[in-house]
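Next up, start07.pdb (PDB, C-alpha atoms, pLDDT in the B column):
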```pdb
ATOM      1  CA  MET A   1     -10.362 -27.076  -2.823  1.00 60.00           C
ATOM      2  CA  ARG A   2      -7.443 -26.702  -0.420  1.00 65.00           C
ATOM      3  CA  LYS A   3      -6.801 -23.181   0.888  1.00 64.00           C
ATOM      4  CA  THR A   4      -3.236 -22.024   1.387  1.00 63.00           C
ATOM      5  CA  ALA A   5      -2.511 -19.460   4.068  1.00 64.00           C
ATOM      6  CA  LEU A   6      -0.877 -16.289   2.876  1.00 61.00           C
ATOM      7  CA  PRO A   7       2.442 -15.378   4.478  1.00 68.00           C
ATOM      8  CA  GLU A   8       2.244 -12.839   7.280  1.00 72.00           C
ATOM      9  CA  VAL A   9       2.935  -9.281   6.161  1.00 71.00           C
ATOM     10  CA  VAL A  10       6.216  -8.060   7.633  1.00 80.00           C
ATOM     11  CA  THR A  11       6.087  -4.306   8.097  1.00 92.00           C
ATOM     12  CA  PRO A  12       8.865  -2.651   6.095  1.00 95.00           C
ATOM     13  CA  LYS A  13      10.802   0.380   7.284  1.00 96.00           C
ATOM     14  CA  VAL A  14      10.809   1.909   3.790  1.00 96.00           C
ATOM     15  CA  LEU A  15       7.461   1.572   2.008  1.00 96.00           C
ATOM     16  CA  GLY A  16       6.792   2.346  -1.643  1.00 95.00           C
ATOM     17  CA  VAL A  17       3.180   3.207  -2.521  1.00 94.00           C
ATOM     18  CA  ASP A  18       1.737   3.315  -6.031  1.00 92.00           C
ATOM     19  CA  ASP A  19      -1.688   2.934  -7.565  1.00 89.00           C
ATOM     20  CA  PHE A  20      -2.441   0.653 -10.511  1.00 89.00           C
ATOM     21  CA  ALA A  21      -5.414  -0.437 -12.602  1.00 90.00           C
ATOM     22  CA  PHE A  22      -7.094  -3.793 -12.089  1.00 85.00           C
ATOM     23  CA  LYS A  23      -9.239  -2.704 -15.051  1.00 84.00           C
ATOM     24  CA  LYS A  24      -8.181   0.543 -16.715  1.00 82.00           C
ATOM     25  CA  GLY A  25     -10.669   3.344 -16.321  1.00 81.00           C
ATOM     26  CA  GLN A  26     -12.847   1.376 -13.898  1.00 86.00           C
ATOM     27  CA  THR A  27     -11.131  -0.369 -10.981  1.00 89.00           C
ATOM     28  CA  TYR A  28      -7.942   0.726  -9.265  1.00 91.00           C
ATOM     29  CA  GLY A  29      -5.855  -0.613  -6.405  1.00 93.00           C
ATOM     30  CA  THR A  30      -2.686   0.234  -4.511  1.00 93.00           C
ATOM     31  CA  ILE A  31       0.503  -1.807  -4.340  1.00 94.00           C
ATOM     32  CA  LEU A  32       2.750  -1.560  -1.291  1.00 95.00           C
ATOM     33  CA  VAL A  33       6.410  -2.503  -1.755  1.00 95.00           C
ATOM     34  CA  ASP A  34       9.238  -3.040   0.725  1.00 96.00           C
ATOM     35  CA  LEU A  35      11.852  -0.887  -0.998  1.00 95.00           C
ATOM     36  CA  GLU A  36      14.768  -2.298   0.996  1.00 95.00           C
ATOM     37  CA  LYS A  37      13.990  -5.909   0.067  1.00 94.00           C
ATOM     38  CA  ARG A  38      12.422  -4.974  -3.302  1.00 94.00           C
ATOM     39  CA  VAL A  39       9.377  -7.171  -2.766  1.00 92.00           C
ATOM     40  CA  PRO A  40       5.645  -6.422  -2.726  1.00 93.00           C
ATOM     41  CA  VAL A  41       4.103  -6.651   0.735  1.00 94.00           C
ATOM     42  CA  ASP A  42       0.414  -6.026   0.063  1.00 94.00           C
ATOM     43  CA  LEU A  43      -2.243  -5.041  -2.456  1.00 94.00           C
ATOM     44  CA  LEU A  44      -5.005  -2.709  -1.319  1.00 94.00           C
ATOM     45  CA  PRO A  45      -8.444  -2.957  -2.964  1.00 95.00           C
ATOM     46  CA  ASP A  46      -8.633   0.724  -3.950  1.00 93.00           C
ATOM     47  CA  ARG A  47      -6.486   3.839  -4.179  1.00 90.00           C
ATOM     48  CA  GLU A  48      -8.041   5.903  -1.432  1.00 90.00           C
ATOM     49  CA  GLY A  49      -5.878   7.671   1.128  1.00 88.00           C
ATOM     50  CA  LYS A  50      -8.127   6.420   3.943  1.00 93.00           C
ATOM     51  CA  THR A  51      -7.431   2.780   3.002  1.00 94.00           C
ATOM     52  CA  LEU A  52      -3.678   3.406   3.095  1.00 93.00           C
ATOM     53  CA  GLU A  53      -4.047   5.237   6.396  1.00 93.00           C
ATOM     54  CA  GLU A  54      -5.806   2.231   7.929  1.00 95.00           C
ATOM     55  CA  TRP A  55      -3.079  -0.122   6.622  1.00 95.00           C
ATOM     56  CA  LEU A  56      -0.361   2.057   8.150  1.00 95.00           C
ATOM     57  CA  LYS A  57      -2.176   2.145  11.509  1.00 95.00           C
ATOM     58  CA  ALA A  58      -2.410  -1.657  11.461  1.00 94.00           C
ATOM     59  CA  HIS A  59       1.300  -2.008  10.568  1.00 94.00           C
ATOM     60  CA  PRO A  60       3.309   0.358  12.800  1.00 94.00           C
ATOM     61  CA  GLY A  61       7.020   0.593  12.107  1.00 95.00           C
ATOM     62  CA  VAL A  62       7.075   2.230   8.689  1.00 96.00           C
ATOM     63  CA  GLU A  63       9.649   5.017   8.889  1.00 95.00           C
ATOM     64  CA  VAL A  64       9.693   6.287   5.294  1.00 95.00           C
ATOM     65  CA  VAL A  65       6.881   6.325   2.718  1.00 92.00           C
ATOM     66  CA  THR A  66       7.662   7.040  -0.918  1.00 91.00           C
ATOM     67  CA  ARG A  67       4.960   7.663  -3.488  1.00 85.00           C
ATOM     68  CA  ASP A  68       4.444   8.974  -6.960  1.00 71.00           C
ATOM     69  CA  ARG A  69       3.181  12.515  -7.328  1.00 62.00           C
ATOM     70  CA  SER A  70      -0.479  11.513  -7.356  1.00 60.00           C
ATOM     71  CA  HIS A  71      -2.662  13.724  -5.177  1.00 59.00           C
ATOM     72  CA  ARG A  72      -4.421  10.631  -3.784  1.00 59.00           C
ATOM     73  CA  PHE A  73      -1.707   9.926  -1.212  1.00 56.00           C
ATOM     74  CA  GLY A  74      -0.599  13.475  -0.514  1.00 54.00           C
ATOM     75  CA  PRO A  75      -0.624  15.279   2.838  1.00 52.00           C
ATOM     76  CA  GLY A  76      -4.144  16.597   2.210  1.00 49.00           C
ATOM     77  CA  GLU A  77      -5.441  13.052   1.783  1.00 49.00           C
ATOM     78  CA  LEU A  78      -3.445  11.119   4.359  1.00 50.00           C
ATOM     79  CA  PHE A  79      -3.302  12.031   8.015  1.00 43.00           C
ATOM     80  CA  LEU A  80      -1.088   9.942  10.309  1.00 43.00           C
TER      81      LEU A  80
END
```
Please go through the file and, once you have read it, give me the structure as structure tokens.
Amino acid sequence: MRKTALPEVVTPKVLGVDDFAFKKGQTYGTILVDLEKRVPVDLLPDREGKTLEEWLKAHPGVEVVTRDRSHRFGPGELFL
């Protein structure tokens, strides 16, 4: 089987963050979207604030983060 390299993630200035279900009630992930270009940039394997924090540290340059009102990505969960 031939493996295809994934395109490099370009860090957006305006990042949308939302959680979603891989399997409802059991497995959740997080989608990251470049809101200026309106394209997804990454899928995270869970919906933990720590995972998002690590992604943001590895991709400096995000100026604005938008999220739904879930407590999972709120100021008490995410420290930058």
Do a neighbour search on range 7-11 of chain A at 12 Å with all atoms listed in the file, toss out local chain neighbours closer than 5 positions, and write the hits as a VMD selection string.
chain A and resid 16 32 to 37 39 to 43 55 to 65
Could you list, as a ChimeraX atom specification, every residue matched by the PyMOL selection byres ((chain A and resi 20) around 9) in this structure?
/A:18-19,21-24,27-31,47
Same residues, C-alpha atoms, output as a compact mmCIF listing (two decimals), keeping the file's coordinate frame:
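So part_39.txt came out as:
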```
# COMPACT_ATOMS: atom_id res chain seq x y z
CA ASP A 18 1.74 3.32 -6.03
CA ASP A 19 -1.69 2.93 -7.56
CA ALA A 21 -5.41 -0.44 -12.60
CA PHE A 22 -7.09 -3.79 -12.09
CA LYS A 23 -9.24 -2.70 -15.05
CA LYS A 24 -8.18 0.54 -16.72
CA THR A 27 -11.13 -0.37 -10.98
CA TYR A 28 -7.94 0.73 -9.26
CA GLY A 29 -5.86 -0.61 -6.40
CA THR A 30 -2.69 0.23 -4.51
CA ILE A 31 0.50 -1.81 -4.34
CA ARG A 47 -6.49 3.84 -4.18
```
Between CA of Asp68 in chain A and CA of Leu52 in chain A - distance in Å to one decimal
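A separation of 14.1 Å between them.
Each of A:Arg38, A:Glu54, A:Arg67, A:Leu44 was checked against Pro12 in chain A using all atoms listed in the file; the smallest atom-to-atom distance is that of A:Arg38.
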Pull out range 19-39 of chain A, keep N, CA and C atoms, and write it as a compact mmCIF listing (two decimals), in the first residue's frame.
```txt
# COMPACT_ATOMS: atom_id res chain seq x y z
N ASP A 19 -15.96 20.59 19.28
CA ASP A 19 -15.85 19.16 19.50
C ASP A 19 -16.93 18.44 18.69
N PHE A 20 -16.69 17.16 18.42
CA PHE A 20 -17.65 16.36 17.66
C PHE A 20 -17.51 14.91 18.11
N ALA A 21 -18.47 14.09 17.74
CA ALA A 21 -18.45 12.68 18.12
C ALA A 21 -17.96 11.81 16.97
N PHE A 22 -16.89 11.04 17.24
CA PHE A 22 -16.51 9.97 16.33
C PHE A 22 -17.58 8.88 16.45
N LYS A 23 -17.96 8.60 17.72
CA LYS A 23 -19.01 7.64 18.03
C LYS A 23 -19.79 8.21 19.21
N LYS A 24 -21.01 8.65 18.95
CA LYS A 24 -21.81 9.36 19.93
C LYS A 24 -21.88 8.63 21.27
N GLY A 25 -21.60 9.39 22.31
CA GLY A 25 -21.67 8.85 23.66
C GLY A 25 -20.42 8.09 24.09
N GLN A 26 -19.45 7.91 23.17
CA GLN A 26 -18.28 7.12 23.53
C GLN A 26 -16.96 7.79 23.19
N THR A 27 -16.80 8.25 21.96
CA THR A 27 -15.51 8.78 21.51
C THR A 27 -15.71 10.15 20.86
N TYR A 28 -14.99 11.14 21.38
CA TYR A 28 -15.11 12.49 20.88
C TYR A 28 -13.77 13.02 20.41
N GLY A 29 -13.81 13.97 19.50
CA GLY A 29 -12.61 14.62 18.99
C GLY A 29 -12.85 16.11 18.89
N THR A 30 -11.88 16.82 18.37
CA THR A 30 -11.96 18.27 18.19
C THR A 30 -11.56 18.61 16.77
N ILE A 31 -12.35 19.43 16.11
CA ILE A 31 -12.00 19.91 14.78
C ILE A 31 -11.50 21.35 14.91
N LEU A 32 -10.44 21.65 14.17
CA LEU A 32 -9.87 22.99 14.13
C LEU A 32 -10.04 23.51 12.71
N VAL A 33 -10.60 24.72 12.59
CA VAL A 33 -10.95 25.28 11.29
C VAL A 33 -10.32 26.66 11.13
N ASP A 34 -9.72 26.90 9.97
CA ASP A 34 -9.24 28.23 9.60
C ASP A 34 -10.48 29.01 9.18
N LEU A 35 -10.91 29.95 10.01
CA LEU A 35 -12.16 30.66 9.74
C LEU A 35 -12.03 31.71 8.65
N GLU A 36 -10.82 32.14 8.33
CA GLU A 36 -10.65 33.08 7.23
C GLU A 36 -10.75 32.37 5.88
N LYS A 37 -10.16 31.18 5.80
CA LYS A 37 -10.19 30.41 4.55
C LYS A 37 -11.37 29.44 4.48
N ARG A 38 -12.01 29.23 5.65
CA ARG A 38 -13.15 28.31 5.76
C ARG A 38 -12.78 26.89 5.38
N VAL A 39 -11.64 26.43 5.92
CA VAL A 39 -11.20 25.07 5.68
C VAL A 39 -10.73 24.44 7.00
```
